[in-house]
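Peer 1: The structure's right below; bear with me while I get my questions together.
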Amino acid sequence: MMIRPRFATLALILAPALAACGDSQRAQPAPPPPTVTVATPAQRAVVDYDEYVGRFLAVDSVEVRARVSGYLDGVHFKDGQIVKAGDLLFTIDKRPFQNALDQARANLTLARSNLTYTDADLARGKQLVRDKTITEQVFEQRAQAKRNAEASVLANEAAVRQAELDLQFTELRAPVTGRIGDRRVSPGNLITGGTTGTTTMLATIVSLDPIRFEFTFDEAAYLRYERSSRTGLEVTSREGSVIVSLKLIDEADFVHRGYMDFVDNVIDKASGTIRGRAVFSNADEVFTPGMFGRVRVPGSPAYPALVIPDSAIASEQARKYVLVVDNENTAQQRYVTLGQLVDKLRVVKDGLKPDDRIIVNGLMRARPGAKVTPEDQAQASATPATTK
């Protein structure tokens, strides 16, 4: 029962000390507003770009097929190598075609000999018919024989030319320069030639430099491009005046430059898109027909726009915003409409004014509606960095 008075006495002694401690805590000053770096948006002339996915196509793609039938005698290339126009690729057994040519030439010699005889016979008949030695009917028969001999010479000359062509066709040469695929037939096989659909395909050749890139864009984009052409931007130009850029699936930026050379003349009814095509140099042969890529084409004329560092932009769910410092050094939230990246700067299409002071460094330390200590970006760059 004597313990309670002791605790009461202790409480009376400690009460003034606790009160003094609370007063000292309340007397501490508030922390200063955080220091942030601010800058006004830069103004640049920019062009909006549209991006499309497409495939590479060869300018020339040829299926190597024989024009004559026969046994394949030899293959004169390695699978997948680069061939030049005129290089020998395949040979067909020439012996039957050489025999046919020799026979055609012999027939031509015989026809010419017959023409010489009938010509002389007709010349003799002219004097004989004047002397009434032969009848008019016999003379007409000799004239007809000469005409038949002349026709025979013409027919045999054509047969010789055809036999020479057939013999020439036994050597299959590359019609274009490019990369050849693998051989589809081995030597010793009988191949079918001619102009029908049953001919034997021996190999394929695709050209590589230059190379085409084909893509499609929708009807709305096509209309926008056509109307932009009135201001001088010819996206749908067929004369190669529009420069486009391209990147491959493993590249971070559009580093390859080409030009538009074709836009189709109809819009596909099923998809509502129209086909466009660009041409790129491929001296290092990196691009291959069938490869995917992403092309970027200019989608608007050049116009002045505000650009800010991409790091100054924050997200709030689906919306983007920046923090602007007003005249009272209070951070204010501004929702913005963004465009593309231009030299690591983000285009702002709406939401900012040229004289707005944007927080470009220290965004995480500032809060909307709170005071900040703004420091101009140029001044912050001149201040030596400190380490802790």
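Residues in the structure tokens are numbered from 1 in each chain, the chains being A, B, ... in the order shown, and ligands are numbered from 1 in the order shown.
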Using DSSP assignments from the backbone, pull out every residue in range 142-373 of chain A that falls under strand (DSSP E or B) and give it to me as a ChimeraX atom specification.

Peer 2: /A:171-173,178-180,190-191,201-206,211-218,243-247,256-263,273-280,292-298,303-309,314-316,319-325,330-342,345-350,357-361,371,373

Peer 1: Could you give me, as a PyMOL selection string, each residue of range 206-323 of chain A that DSSP assigns to helix (DSSP H, G or I) when run on this structure's backbone?

Peer 2: chain A and resi 219-231+310-312

Peer 1: Can you pull out every residue within 12 Å of Asn114 in chain A, counting only C-alpha atoms, but drop anything in the same chain fewer than 6 positions away, and send it as a ChimeraX atom specification?

Peer 2: /A:107-108,120-121,145-153

Peer 1: Please list as a list of chain:residue names every residue within 6 Å of Val206 in chain A, counting only C-alpha atoms and excluding residues in the same chain fewer than 6 positions away.

Peer 2: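 Residues near the query, excluding close chain neighbours: A:Ala58, A:Asp60, A:Ser61, A:Gly178, A:Arg179.
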
Peer 1: What's around Pro309 in chain A at 8 Å? Count only C-alpha atoms, leave out sequence neighbours fewer than 2 positions away in its own chain, and write the answer as a PyMOL selection string.

Peer 2: chain A and resi 307+311-313+344-346+360

Peer 1: Go ahead and write the residues just picked, N, CA and C atoms, as an mmCIF file, in the first residue's frame.

Peer 2:
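Written output follows (out12.cif):
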data_model
loop_
_atom_site.group_PDB
_atom_site.id
_atom_site.type_symbol
_atom_site.label_atom_id
_atom_site.label_comp_id
_atom_site.auth_asym_id
_atom_site.auth_seq_id
_atom_site.Cartn_x
_atom_site.Cartn_y
_atom_site.Cartn_z
ATOM 1 N N VAL A 307 9.898 20.342 -77.239
ATOM 2 C CA VAL A 307 10.509 19.077 -76.861
ATOM 3 C C VAL A 307 11.106 19.214 -75.473
ATOM 4 N N SER A 311 13.093 12.043 -69.467
ATOM 5 C CA SER A 311 13.133 11.742 -68.031
ATOM 6 C C SER A 311 12.253 12.675 -67.209
ATOM 7 N N ALA A 312 11.782 13.777 -67.795
ATOM 8 C CA ALA A 312 10.930 14.717 -67.065
ATOM 9 C C ALA A 312 9.466 14.303 -67.077
ATOM 10 N N ILE A 313 9.155 13.202 -67.717
ATOM 11 C CA ILE A 313 7.763 12.774 -67.870
ATOM 12 C C ILE A 313 7.476 11.659 -66.879
ATOM 13 N N LYS A 344 16.579 11.888 -78.505
ATOM 14 C CA LYS A 344 16.409 11.611 -77.071
ATOM 15 C C LYS A 344 15.565 12.667 -76.357
ATOM 16 N N LEU A 345 14.880 13.509 -77.102
ATOM 17 C CA LEU A 345 13.931 14.469 -76.534
ATOM 18 C C LEU A 345 12.536 14.095 -76.999
ATOM 19 N N ARG A 346 11.577 14.247 -76.087
ATOM 20 C CA ARG A 346 10.197 13.862 -76.371
ATOM 21 C C ARG A 346 9.405 15.061 -76.860
ATOM 22 N N VAL A 360 13.112 18.959 -64.535
ATOM 23 C CA VAL A 360 13.816 17.965 -65.348
ATOM 24 C C VAL A 360 14.737 17.096 -64.518
#
